[in-house]
Amino acid sequence: MDVSKLNSHPPSSRSLEVEKDEDHILAALAHQDSQREDNQIDPFAERALVRKLDWILLPLFIVIYATNFIDRQDCYRYEFLFTIVSRSTPRVPSICFSSGNAKIAGIERDLGMVGFDYNIALTIFYIFYISVEIPSNLALKHFGSKWLALMITCFGVVSIGTAFVKSYAGLIVTRVLLGMAEGGTLSGLTYVLSRYYRRTELVMRIGVFFGLSPPLAGAFGGLLASGLLSVSDIGIVKSWRKIFLIEGIITTGIGLSCFFIIPADPQITRMLNDKERELAIARISADQAVATHGRKERTTLKLVWRAFNFNTCLCSICYLMINISFQGLSLFMPTVIATLGHFTTIESQLRTVPPYAVGAIWALLNAYLSFRMKQRATPIILSVLLMVIGYAVFVGTGNSHARYAACFLNLAGGSLSGPMVLSWGTDNAAPDTVRAVTTAIIPGIGALGSVIAVWTYLPADAPNYHHGNSLNLATSSFCCVVVAVGVFYIRWENAKRARGARDYRLEGKTAQEVEQLGCLHPKFRYQV
């Protein structure tokens with residue numbers, strides 16, 4: 001008998017089976033390690049740590065993003081002041097200024113601007129704002145939180161510089177620099193939070209800092225601008241220049257302090273003691289399909305490209321649609337306020353506070369409910385439906401009081417929807433590089449909505465701006481459809497993983513490759 005013939009094929013088959021078994025064993029051990037860490041975590045110590053993180057991180061991040069939002073909204077405030085003070089037929093709510101209103105702002109006159117020059121400047125700002133999102137977050141992943149502090153300081157310095165520009169070309173330069181400095185702020189803050197909080201906890205924290213910052217900035221930033229315009233000049237710094245100067249000084253001070261107070265990565269932060277650092281790392285490690293013990297994998301083009309997945313693309317489209325509608329309200333609300341009656345500037349500014357206050361309350365309430373329900377899609381759809389109703393009122397009636405009531409609905413819906421979509425995308429992104437890029441992609445693509453919003457409210461459509469409001473009604477409605485598609489996809493994908501249909505992804509992988517699967521790991525479950 002030829003023994004070699006009998007044994008020619010079986011050894012090869014058995015060796016393949018052994019290798020496959022070893023791969024599965026390694027993956028199972030890594031997953032069991034993650035579960036073991038979760039079981040060993042003291043729930044009382046964990047609650048104490050989370051409370052400490054909340055009290056340190058959230059107030060700081062609210063202040064940081066509020067200053068970022070105020071800097072970007074200065075131009076809208078100038079338009080608000082123009083619309084209120086003129087009390088004539090509301091003009092296009094763009095960010096252009098009339099030379100006849102030099103007493104209030106004077107930026108067009110001072111810089112020789114005409115037509116849509118300021119709209120063009122804002123568009124250039126967002127082009128650079130969008131372009132730096134991903135590189136900035138990858139730099140943050142590599143250099144740590146000092147990178148974020150540097151960015152905050154830089155956009156404060158650029159704001160100060162804007163107070164001294166002498167020409168339209170100088171304004172364009174400051175818009176380019178400001179876009180590059182501010183571009184990675186939101187994505188960076190979100191990424192830092194994701195290094196400290198579990199996936200289920202993240203929605204509440206993003207909802208607090210991102211949901212509260214724009215309403216607070218909108219409610220009180222305008223009052224600050226009005227107050228600065230009413231005080232005496234500061235040397236050669238007059239009119240609109242005072243707003244950029246004072247807000248820039250405040251932002252720069254916050255940025256410099258962030259070099260000392262913004263927390264570093266959990267592995268090295270001085271914000272926590274040794275036991276708290278160990279617990280913080282164990283919490284995040286236990287929340288992953290494969291335990292990484294706080295390690296960051298090397299950034300590769302493959303991992304960066306993997307962030308452009310179906311789920312991230314859906315969230316980016318949703319964020320874009322929401323941003324068009326939310327920024328559209330910033331442009332249209334001055335017209336609504338102007339038609340309510342004849343008020344002083346301060347009285348008119350005060351009438352913007354209630355809608356923003358309601359938006360803040362709605363954002364907090366729904367972020368908490370989403371956290372308790374472990375749901376993202378339902379609060380998003382409910383909030384976006386408020387925007388649908390609000391814009392339907394804008395389109396369907398010219399009644400000033402009805403439109404003012406619709407502002408409450410739009411601000412409530414918009415204040416929560418953006419943070420919730422960003423949280424949804426971040427929850428479902430892993431490993432660390434994919435998460436860093438995802439938190440940049442969603443607000444980066446979403447920022448295109450701000451550019452679109454600026455060019456949808458045109459003079460020919462005044463004073464009701466039917467085309468602009470109709471577009472926002474359509475984008476809000478379409479967003480609901482996109483969210484529903486996302487829910488269907490996630491449930492379909494999770495069901496396949498539960499049946500073992502994605503287990504093949506573990507075959508032939510080393511332990512490092514299995515660790516880097518992240519959200520592609522068969523044990524990973526997307527959150528709805």
# chains A, B, ... in the order shown; residues from 1 in each chain; ligands from 1
>>> closest_atom_pairs(of="region 214-319 of chain A", to="region 168-178 of chain A", cutoff="12 Å", atoms="only C-alpha atoms", output="Markdown table")
| residue | atom | partner | partner_atom | distance |
| --- | --- | --- | --- | --- |
| A:Arg241 | CA | A:Leu171 | CA | 11.8 |
| A:Phe244 | CA | A:Thr174 | CA | 11.4 |
| A:Gly248 | CA | A:Leu178 | CA | 11.2 |
>>> write_last_selection(atoms="N, CA and C atoms", output="compact mmCIF listing (two decimals), in the first residue's frame")
# COMPACT_ATOMS: atom_id res chain seq x y z
N ARG A 241 -15.72 96.01 14.74
CA ARG A 241 -14.40 95.55 15.13
C ARG A 241 -14.34 95.21 16.63
N PHE A 244 -15.33 91.47 17.27
CA PHE A 244 -14.26 90.51 16.97
C PHE A 244 -13.12 90.60 18.00
N GLY A 248 -12.52 87.64 20.54
CA GLY A 248 -11.24 87.00 20.26
C GLY A 248 -10.35 86.91 21.49
>>> residues_around(residues="Pro135 (chain A)", least_positions_apart="4", cutoff="12 Å", atoms="only C-alpha atoms", output="ChimeraX atom specification")
/A:128-131,139-143,147,180-181,183-185,187-188,299,304,433,436-441,444
>>> write_last_selection(atoms="N, CA, C and O atoms", output="short mmCIF file (atom, residue, chain, number, x, y, z; two decimals), in the first residue's frame")
data_model
loop_
_atom_site.label_atom_id
_atom_site.label_comp_id
_atom_site.auth_asym_id
_atom_site.auth_seq_id
_atom_site.Cartn_x
_atom_site.Cartn_y
_atom_site.Cartn_z
N PHE A 128 -12.37 75.68 3.78
CA PHE A 128 -11.19 75.33 4.58
C PHE A 128 -11.61 74.65 5.89
O PHE A 128 -10.88 73.79 6.39
N TYR A 129 -12.75 75.04 6.43
CA TYR A 129 -13.29 74.41 7.63
C TYR A 129 -13.47 72.90 7.40
O TYR A 129 -13.09 72.07 8.22
N ILE A 130 -14.03 72.58 6.24
CA ILE A 130 -14.30 71.18 5.91
C ILE A 130 -13.00 70.43 5.61
O ILE A 130 -12.82 69.28 6.03
N SER A 131 -12.08 71.08 4.91
CA SER A 131 -10.87 70.40 4.43
C SER A 131 -9.94 69.96 5.56
O SER A 131 -9.16 69.02 5.38
N ALA A 139 -4.32 64.34 13.71
CA ALA A 139 -3.26 65.00 14.49
C ALA A 139 -3.58 64.96 15.97
O ALA A 139 -2.69 64.75 16.81
N LEU A 140 -4.86 65.13 16.31
CA LEU A 140 -5.28 65.04 17.71
C LEU A 140 -5.02 63.64 18.26
O LEU A 140 -4.55 63.48 19.39
N LYS A 141 -5.31 62.62 17.46
CA LYS A 141 -5.05 61.24 17.89
C LYS A 141 -3.56 61.02 18.14
O LYS A 141 -3.19 60.31 19.09
N HIS A 142 -2.71 61.66 17.35
CA HIS A 142 -1.26 61.46 17.48
C HIS A 142 -0.64 62.33 18.58
O HIS A 142 0.14 61.84 19.40
N PHE A 143 -1.00 63.62 18.60
CA PHE A 143 -0.35 64.56 19.52
C PHE A 143 -1.08 64.73 20.85
O PHE A 143 -0.52 65.27 21.80
N TRP A 147 -3.09 69.53 20.97
CA TRP A 147 -3.45 69.96 19.62
C TRP A 147 -4.78 70.74 19.64
O TRP A 147 -4.91 71.77 18.97
N MET A 180 -9.44 77.07 9.01
CA MET A 180 -8.43 76.05 9.32
C MET A 180 -8.29 75.85 10.83
O MET A 180 -8.02 74.74 11.29
N ALA A 181 -8.50 76.92 11.61
CA ALA A 181 -8.35 76.80 13.06
C ALA A 181 -9.58 76.18 13.71
O ALA A 181 -9.47 75.39 14.65
N GLY A 183 -11.93 74.29 12.17
CA GLY A 183 -12.46 73.12 11.50
C GLY A 183 -12.56 71.86 12.33
O GLY A 183 -13.52 71.12 12.22
N GLY A 184 -11.55 71.58 13.15
CA GLY A 184 -11.56 70.32 13.87
C GLY A 184 -12.05 70.40 15.30
O GLY A 184 -11.92 69.42 16.04
N THR A 185 -12.67 71.53 15.68
CA THR A 185 -13.04 71.69 17.09
C THR A 185 -14.13 70.71 17.51
O THR A 185 -13.97 69.96 18.48
N SER A 187 -15.32 67.98 16.00
CA SER A 187 -14.92 66.58 15.85
C SER A 187 -13.87 66.20 16.91
O SER A 187 -13.88 65.08 17.43
N GLY A 188 -12.99 67.16 17.24
CA GLY A 188 -11.98 66.88 18.25
C GLY A 188 -12.57 66.68 19.63
O GLY A 188 -12.19 65.75 20.37
N THR A 299 -2.05 54.51 12.80
CA THR A 299 -2.92 55.06 11.76
C THR A 299 -2.45 54.58 10.39
O THR A 299 -1.27 54.72 10.04
N VAL A 304 -8.26 54.57 7.71
CA VAL A 304 -8.89 55.85 7.37
C VAL A 304 -9.99 55.64 6.34
O VAL A 304 -11.11 56.16 6.48
N THR A 433 -8.77 54.70 15.12
CA THR A 433 -8.55 55.52 13.93
C THR A 433 -9.84 55.74 13.17
O THR A 433 -10.14 56.86 12.72
N ALA A 436 -11.87 58.28 15.06
CA ALA A 436 -11.34 59.63 14.89
C ALA A 436 -11.74 60.22 13.55
O ALA A 436 -12.11 61.40 13.45
N VAL A 437 -11.67 59.42 12.50
CA VAL A 437 -12.02 59.91 11.16
C VAL A 437 -13.53 60.09 11.04
O VAL A 437 -14.01 61.06 10.45
N THR A 438 -14.30 59.17 11.61
CA THR A 438 -15.76 59.27 11.54
C THR A 438 -16.27 60.54 12.21
O THR A 438 -17.15 61.23 11.68
N THR A 439 -15.72 60.87 13.38
CA THR A 439 -16.16 62.07 14.09
C THR A 439 -15.78 63.34 13.32
O THR A 439 -16.29 64.42 13.62
N ALA A 440 -14.87 63.21 12.34
CA ALA A 440 -14.52 64.34 11.48
C ALA A 440 -15.35 64.36 10.20
O ALA A 440 -15.73 65.43 9.71
N ILE A 441 -15.63 63.19 9.65
CA ILE A 441 -16.39 63.11 8.40
C ILE A 441 -17.79 63.69 8.56
O ILE A 441 -18.25 64.50 7.73
N GLY A 444 -17.86 67.39 9.05
CA GLY A 444 -17.19 67.98 7.91
C GLY A 444 -18.10 68.06 6.70
O GLY A 444 -18.28 69.13 6.10
#
>>> closest_residue(among="A:Ala357, A:Leu506, A:Leu228, A:Met420", to="Gly518 (chain A)", atoms="only C-alpha atoms")
A:Leu506
>>> select_by_dssp(residues="region 131-339 of chain A", states="alpha helix (DSSP H)", output="ChimeraX atom specification")
/A:131,133-143,145-162,168-182,185-194,199-230,240-261,274-286,301-306,310-338
>>> write_last_selection(atoms="C-alpha atoms", output="compact mmCIF listing (two decimals), in the first residue's frame")
# COMPACT_ATOMS: atom_id res chain seq x y z
CA SER A 131 -10.87 70.40 4.43
CA GLU A 133 -11.55 68.11 9.71
CA ILE A 134 -9.95 64.72 9.07
CA PRO A 135 -6.26 65.83 9.21
CA SER A 136 -6.99 67.71 12.44
CA ASN A 137 -8.53 64.71 14.15
CA LEU A 138 -5.69 62.42 13.07
CA ALA A 139 -3.26 65.00 14.49
CA LEU A 140 -5.28 65.04 17.71
CA LYS A 141 -5.05 61.24 17.89
CA HIS A 142 -1.26 61.46 17.48
CA PHE A 143 -0.35 64.56 19.52
CA SER A 145 -5.25 67.22 23.64
CA LYS A 146 -2.54 69.89 23.31
CA TRP A 147 -3.45 69.96 19.62
CA LEU A 148 -7.02 70.92 20.52
CA ALA A 149 -5.80 73.66 22.87
CA LEU A 150 -3.59 75.03 20.06
CA MET A 151 -6.54 75.17 17.66
CA ILE A 152 -8.73 77.02 20.17
CA THR A 153 -5.97 79.54 20.82
CA CYS A 154 -5.44 80.01 17.08
CA PHE A 155 -9.04 80.80 16.25
CA GLY A 156 -9.08 83.29 19.12
CA VAL A 157 -5.99 85.01 17.73
CA VAL A 158 -7.47 85.07 14.22
CA SER A 159 -10.65 86.63 15.60
CA ILE A 160 -8.55 89.37 17.20
CA GLY A 161 -6.77 89.90 13.89
CA THR A 162 -10.11 90.29 12.11
CA TYR A 168 -11.76 92.73 1.67
CA ALA A 169 -8.62 90.75 0.80
CA GLY A 170 -7.61 90.92 4.47
CA LEU A 171 -11.03 89.60 5.45
CA ILE A 172 -10.65 86.66 3.05
CA VAL A 173 -7.28 85.80 4.60
CA THR A 174 -8.77 85.81 8.11
CA ARG A 175 -11.69 83.63 6.93
CA VAL A 176 -9.23 81.09 5.51
CA LEU A 177 -7.20 81.02 8.72
CA LEU A 178 -10.33 80.88 10.88
CA GLY A 179 -11.70 77.95 8.88
CA MET A 180 -8.43 76.05 9.32
CA ALA A 181 -8.35 76.80 13.06
CA GLU A 182 -12.00 76.07 13.85
CA THR A 185 -13.04 71.69 17.09
CA LEU A 186 -16.37 69.83 17.17
CA SER A 187 -14.92 66.58 15.85
CA GLY A 188 -11.98 66.88 18.25
CA LEU A 189 -14.16 67.39 21.31
CA THR A 190 -16.31 64.43 20.28
CA TYR A 191 -13.26 62.22 19.81
CA VAL A 192 -11.90 63.13 23.26
CA LEU A 193 -15.26 62.21 24.83
CA SER A 194 -15.24 58.86 23.03
CA ARG A 199 -20.79 53.84 23.70
CA THR A 200 -24.09 53.89 25.58
CA GLU A 201 -22.99 56.91 27.64
CA LEU A 202 -21.71 58.99 24.76
CA VAL A 203 -25.07 60.19 23.44
CA MET A 204 -25.95 61.92 26.71
CA ARG A 205 -22.60 63.72 26.87
CA ILE A 206 -22.59 64.84 23.23
CA GLY A 207 -26.20 65.90 23.67
CA VAL A 208 -25.23 68.05 26.65
CA PHE A 209 -22.18 69.86 25.26
CA PHE A 210 -23.20 70.00 21.57
CA GLY A 211 -26.92 70.38 22.24
CA LEU A 212 -26.50 73.16 24.80
CA SER A 213 -23.68 75.17 23.24
CA PRO A 214 -25.46 76.54 20.10
CA PRO A 215 -28.66 77.55 21.95
CA LEU A 216 -26.67 79.20 24.74
CA ALA A 217 -24.39 80.93 22.25
CA GLY A 218 -27.36 82.05 20.20
CA ALA A 219 -29.30 83.28 23.22
CA PHE A 220 -26.51 85.26 24.89
CA GLY A 221 -24.03 85.93 22.09
CA GLY A 222 -26.39 88.43 20.49
CA LEU A 223 -26.77 90.31 23.76
CA LEU A 224 -23.00 90.50 24.06
CA ALA A 225 -22.74 91.87 20.53
CA SER A 226 -25.46 94.45 21.21
CA GLY A 227 -23.75 95.53 24.40
CA LEU A 228 -20.38 95.90 22.70
CA LEU A 229 -21.88 97.99 19.93
CA SER A 230 -23.47 100.30 22.48
CA TRP A 240 -18.12 95.76 14.34
CA ARG A 241 -14.40 95.55 15.13
CA LYS A 242 -15.14 95.64 18.87
CA ILE A 243 -17.10 92.39 18.65
CA PHE A 244 -14.26 90.51 16.97
CA LEU A 245 -11.67 91.99 19.34
CA ILE A 246 -13.42 91.25 22.65
CA GLU A 247 -14.69 87.82 21.65
CA GLY A 248 -11.24 87.00 20.26
CA ILE A 249 -9.56 87.98 23.53
CA ILE A 250 -12.00 85.80 25.49
CA THR A 251 -11.45 82.84 23.16
CA THR A 252 -7.67 83.21 23.24
CA GLY A 253 -7.73 83.24 27.03
CA ILE A 254 -9.80 80.06 27.06
CA GLY A 255 -7.45 78.44 24.53
CA LEU A 256 -4.34 79.24 26.56
CA SER A 257 -5.94 77.87 29.72
CA CYS A 258 -6.81 74.66 27.83
CA PHE A 259 -3.09 73.84 27.58
CA PHE A 260 -3.28 73.25 31.34
CA ILE A 261 -6.85 72.11 32.00
CA ASP A 274 -3.67 55.89 39.15
CA LYS A 275 -6.73 53.86 40.14
CA GLU A 276 -9.08 56.13 38.19
CA ARG A 277 -6.89 55.89 35.09
CA GLU A 278 -6.89 52.12 35.36
CA LEU A 279 -10.66 52.10 35.73
CA ALA A 280 -11.17 54.52 32.82
CA ILE A 281 -9.10 52.30 30.52
CA ALA A 282 -10.87 49.13 31.72
CA ARG A 283 -14.29 50.70 31.04
CA ILE A 284 -13.51 51.56 27.43
CA SER A 285 -11.72 48.27 26.84
CA ALA A 286 -14.71 46.32 28.17
CA LEU A 301 -4.72 54.55 5.03
CA LYS A 302 -6.73 51.32 5.15
CA LEU A 303 -8.29 52.27 8.51
CA VAL A 304 -8.89 55.85 7.37
CA TRP A 305 -10.69 54.61 4.26
CA ARG A 306 -12.74 52.14 6.30
CA PHE A 310 -22.34 52.90 4.75
CA ASN A 311 -23.35 53.89 8.28
CA THR A 312 -21.02 56.92 8.35
CA CYS A 313 -22.25 58.06 4.94
CA LEU A 314 -25.88 57.88 6.08
CA CYS A 315 -25.11 59.90 9.21
CA SER A 316 -23.18 62.45 7.12
CA ILE A 317 -26.13 62.89 4.75
CA CYS A 318 -28.48 63.32 7.72
CA TYR A 319 -26.17 65.89 9.30
CA LEU A 320 -25.96 67.78 6.00
CA MET A 321 -29.75 67.91 5.67
CA ILE A 322 -30.20 69.00 9.29
CA ASN A 323 -27.52 71.68 8.97
CA ILE A 324 -29.21 73.21 5.93
CA SER A 325 -32.44 73.54 7.90
CA PHE A 326 -30.84 74.68 11.17
CA GLN A 327 -28.64 77.31 9.54
CA GLY A 328 -31.59 78.37 7.41
CA LEU A 329 -33.41 79.29 10.59
CA SER A 330 -30.46 81.47 11.66
CA LEU A 331 -30.93 83.35 8.40
CA PHE A 332 -34.73 83.58 8.46
CA MET A 333 -35.40 84.33 12.14
CA PRO A 334 -34.35 88.02 11.87
CA THR A 335 -37.14 88.46 9.32
CA VAL A 336 -39.65 86.82 11.67
CA ILE A 337 -38.60 88.96 14.64
CA ALA A 338 -38.71 92.14 12.55
>>> closest_residue(among="A:Ser400, A:Asn309, A:Asn472, A:Thr352", to="Gly425 (chain A)", atoms="only C-alpha atoms")
A:Asn309
>>> closest_residue(among="A:Ile381, A:Ala360, A:Met271, A:Ala447", to="Leu411 (chain A)", atoms="only C-alpha atoms")
A:Ala360
>>> atom_distance(atom1="CA of Ala495 (chain A)", atom2="CA of Pro419 (chain A)")
27.0 Å
>>> atom_distance(atom1="CA of Thr456 (chain A)", atom2="CA of Gly468 (chain A)")
4.9 Å
>>> atom_distance(atom1="CA of Phe408 (chain A)", atom2="CA of Asn119 (chain A)")
26.5 Å
>>> decode(residues="region 259-284 of chain A", atoms="N, CA and C atoms", output="PDB file, in the first residue's frame")
ATOM      1  N   PHE A 259      -4.377  74.546  27.560  1.00  0.00           N
ATOM      2  CA  PHE A 259      -3.090  73.843  27.584  1.00  0.00           C
ATOM      3  C   PHE A 259      -2.843  73.197  28.949  1.00  0.00           C
ATOM      4  N   PHE A 260      -3.497  73.738  29.972  1.00  0.00           N
ATOM      5  CA  PHE A 260      -3.276  73.252  31.342  1.00  0.00           C
ATOM      6  C   PHE A 260      -4.466  72.456  31.891  1.00  0.00           C
ATOM      7  N   ILE A 261      -5.673  72.715  31.385  1.00  0.00           N
ATOM      8  CA  ILE A 261      -6.848  72.106  32.002  1.00  0.00           C
ATOM      9  C   ILE A 261      -7.548  71.059  31.142  1.00  0.00           C
ATOM     10  N   ILE A 262      -7.374  71.098  29.824  1.00  0.00           N
ATOM     11  CA  ILE A 262      -8.050  70.101  29.004  1.00  0.00           C
ATOM     12  C   ILE A 262      -7.369  68.752  29.205  1.00  0.00           C
ATOM     13  N   PRO A 263      -8.124  67.691  29.442  1.00  0.00           N
ATOM     14  CA  PRO A 263      -7.516  66.403  29.805  1.00  0.00           C
ATOM     15  C   PRO A 263      -6.794  65.738  28.640  1.00  0.00           C
ATOM     16  N   ALA A 264      -5.710  65.069  28.949  1.00  0.00           N
ATOM     17  CA  ALA A 264      -4.992  64.277  27.955  1.00  0.00           C
ATOM     18  C   ALA A 264      -5.678  62.911  27.828  1.00  0.00           C
ATOM     19  N   ASP A 265      -5.065  61.997  27.109  1.00  0.00           N
ATOM     20  CA  ASP A 265      -5.623  60.663  26.926  1.00  0.00           C
ATOM     21  C   ASP A 265      -5.721  59.948  28.277  1.00  0.00           C
ATOM     22  N   PRO A 266      -6.709  59.063  28.468  1.00  0.00           N
ATOM     23  CA  PRO A 266      -6.884  58.365  29.751  1.00  0.00           C
ATOM     24  C   PRO A 266      -5.627  57.674  30.266  1.00  0.00           C
ATOM     25  N   GLN A 267      -4.753  57.247  29.373  1.00  0.00           N
ATOM     26  CA  GLN A 267      -3.545  56.538  29.805  1.00  0.00           C
ATOM     27  C   GLN A 267      -2.553  57.437  30.537  1.00  0.00           C
ATOM     28  N   ILE A 268      -2.594  58.748  30.262  1.00  0.00           N
ATOM     29  CA  ILE A 268      -1.574  59.638  30.822  1.00  0.00           C
ATOM     30  C   ILE A 268      -2.137  60.867  31.512  1.00  0.00           C
ATOM     31  N   THR A 269      -3.451  61.042  31.506  1.00  0.00           N
ATOM     32  CA  THR A 269      -4.025  62.274  32.042  1.00  0.00           C
ATOM     33  C   THR A 269      -3.726  62.466  33.528  1.00  0.00           C
ATOM     34  N   ARG A 270      -3.460  63.704  33.898  1.00  0.00           N
ATOM     35  CA  ARG A 270      -3.245  64.050  35.302  1.00  0.00           C
ATOM     36  C   ARG A 270      -4.559  64.399  35.994  1.00  0.00           C
ATOM     37  N   MET A 271      -5.636  64.409  35.220  1.00  0.00           N
ATOM     38  CA  MET A 271      -6.955  64.674  35.781  1.00  0.00           C
ATOM     39  C   MET A 271      -7.401  63.544  36.711  1.00  0.00           C
ATOM     40  N   LEU A 272      -6.871  62.344  36.469  1.00  0.00           N
ATOM     41  CA  LEU A 272      -7.244  61.160  37.238  1.00  0.00           C
ATOM     42  C   LEU A 272      -6.040  60.630  38.001  1.00  0.00           C
ATOM     43  N   ASN A 273      -6.312  59.976  39.134  1.00  0.00           N
ATOM     44  CA  ASN A 273      -5.222  59.293  39.851  1.00  0.00           C
ATOM     45  C   ASN A 273      -4.993  57.919  39.219  1.00  0.00           C
ATOM     46  N   ASP A 274      -4.047  57.169  39.763  1.00  0.00           N
ATOM     47  CA  ASP A 274      -3.668  55.892  39.150  1.00  0.00           C
ATOM     48  C   ASP A 274      -4.840  54.928  39.058  1.00  0.00           C
ATOM     49  N   LYS A 275      -5.598  54.793  40.141  1.00  0.00           N
ATOM     50  CA  LYS A 275      -6.730  53.861  40.140  1.00  0.00           C
ATOM     51  C   LYS A 275      -7.818  54.313  39.165  1.00  0.00           C
ATOM     52  N   GLU A 276      -8.053  55.613  39.109  1.00  0.00           N
ATOM     53  CA  GLU A 276      -9.080  56.134  38.194  1.00  0.00           C
ATOM     54  C   GLU A 276      -8.649  55.945  36.735  1.00  0.00           C
ATOM     55  N   ARG A 277      -7.372  56.124  36.447  1.00  0.00           N
ATOM     56  CA  ARG A 277      -6.890  55.890  35.089  1.00  0.00           C
ATOM     57  C   ARG A 277      -7.066  54.428  34.702  1.00  0.00           C
ATOM     58  N   GLU A 278      -6.732  53.549  35.619  1.00  0.00           N
ATOM     59  CA  GLU A 278      -6.888  52.117  35.356  1.00  0.00           C
ATOM     60  C   GLU A 278      -8.353  51.765  35.110  1.00  0.00           C
ATOM     61  N   LEU A 279      -9.235  52.361  35.897  1.00  0.00           N
ATOM     62  CA  LEU A 279     -10.660  52.104  35.732  1.00  0.00           C
ATOM     63  C   LEU A 279     -11.170  52.682  34.420  1.00  0.00           C
ATOM     64  N   ALA A 280     -10.733  53.884  34.060  1.00  0.00           N
ATOM     65  CA  ALA A 280     -11.173  54.521  32.819  1.00  0.00           C
ATOM     66  C   ALA A 280     -10.785  53.686  31.607  1.00  0.00           C
ATOM     67  N   ILE A 281      -9.568  53.136  31.624  1.00  0.00           N
ATOM     68  CA  ILE A 281      -9.103  52.300  30.517  1.00  0.00           C
ATOM     69  C   ILE A 281      -9.879  50.989  30.481  1.00  0.00           C
ATOM     70  N   ALA A 282     -10.130  50.399  31.657  1.00  0.00           N
ATOM     71  CA  ALA A 282     -10.871  49.135  31.721  1.00  0.00           C
ATOM     72  C   ALA A 282     -12.297  49.302  31.197  1.00  0.00           C
ATOM     73  N   ARG A 283     -12.919  50.447  31.498  1.00  0.00           N
ATOM     74  CA  ARG A 283     -14.295  50.700  31.036  1.00  0.00           C
ATOM     75  C   ARG A 283     -14.374  50.719  29.511  1.00  0.00           C
ATOM     76  N   ILE A 284     -13.487  51.452  28.885  1.00  0.00           N
ATOM     77  CA  ILE A 284     -13.505  51.563  27.429  1.00  0.00           C
ATOM     78  C   ILE A 284     -13.106  50.241  26.777  1.00  0.00           C
TER      79      ILE A 284
END
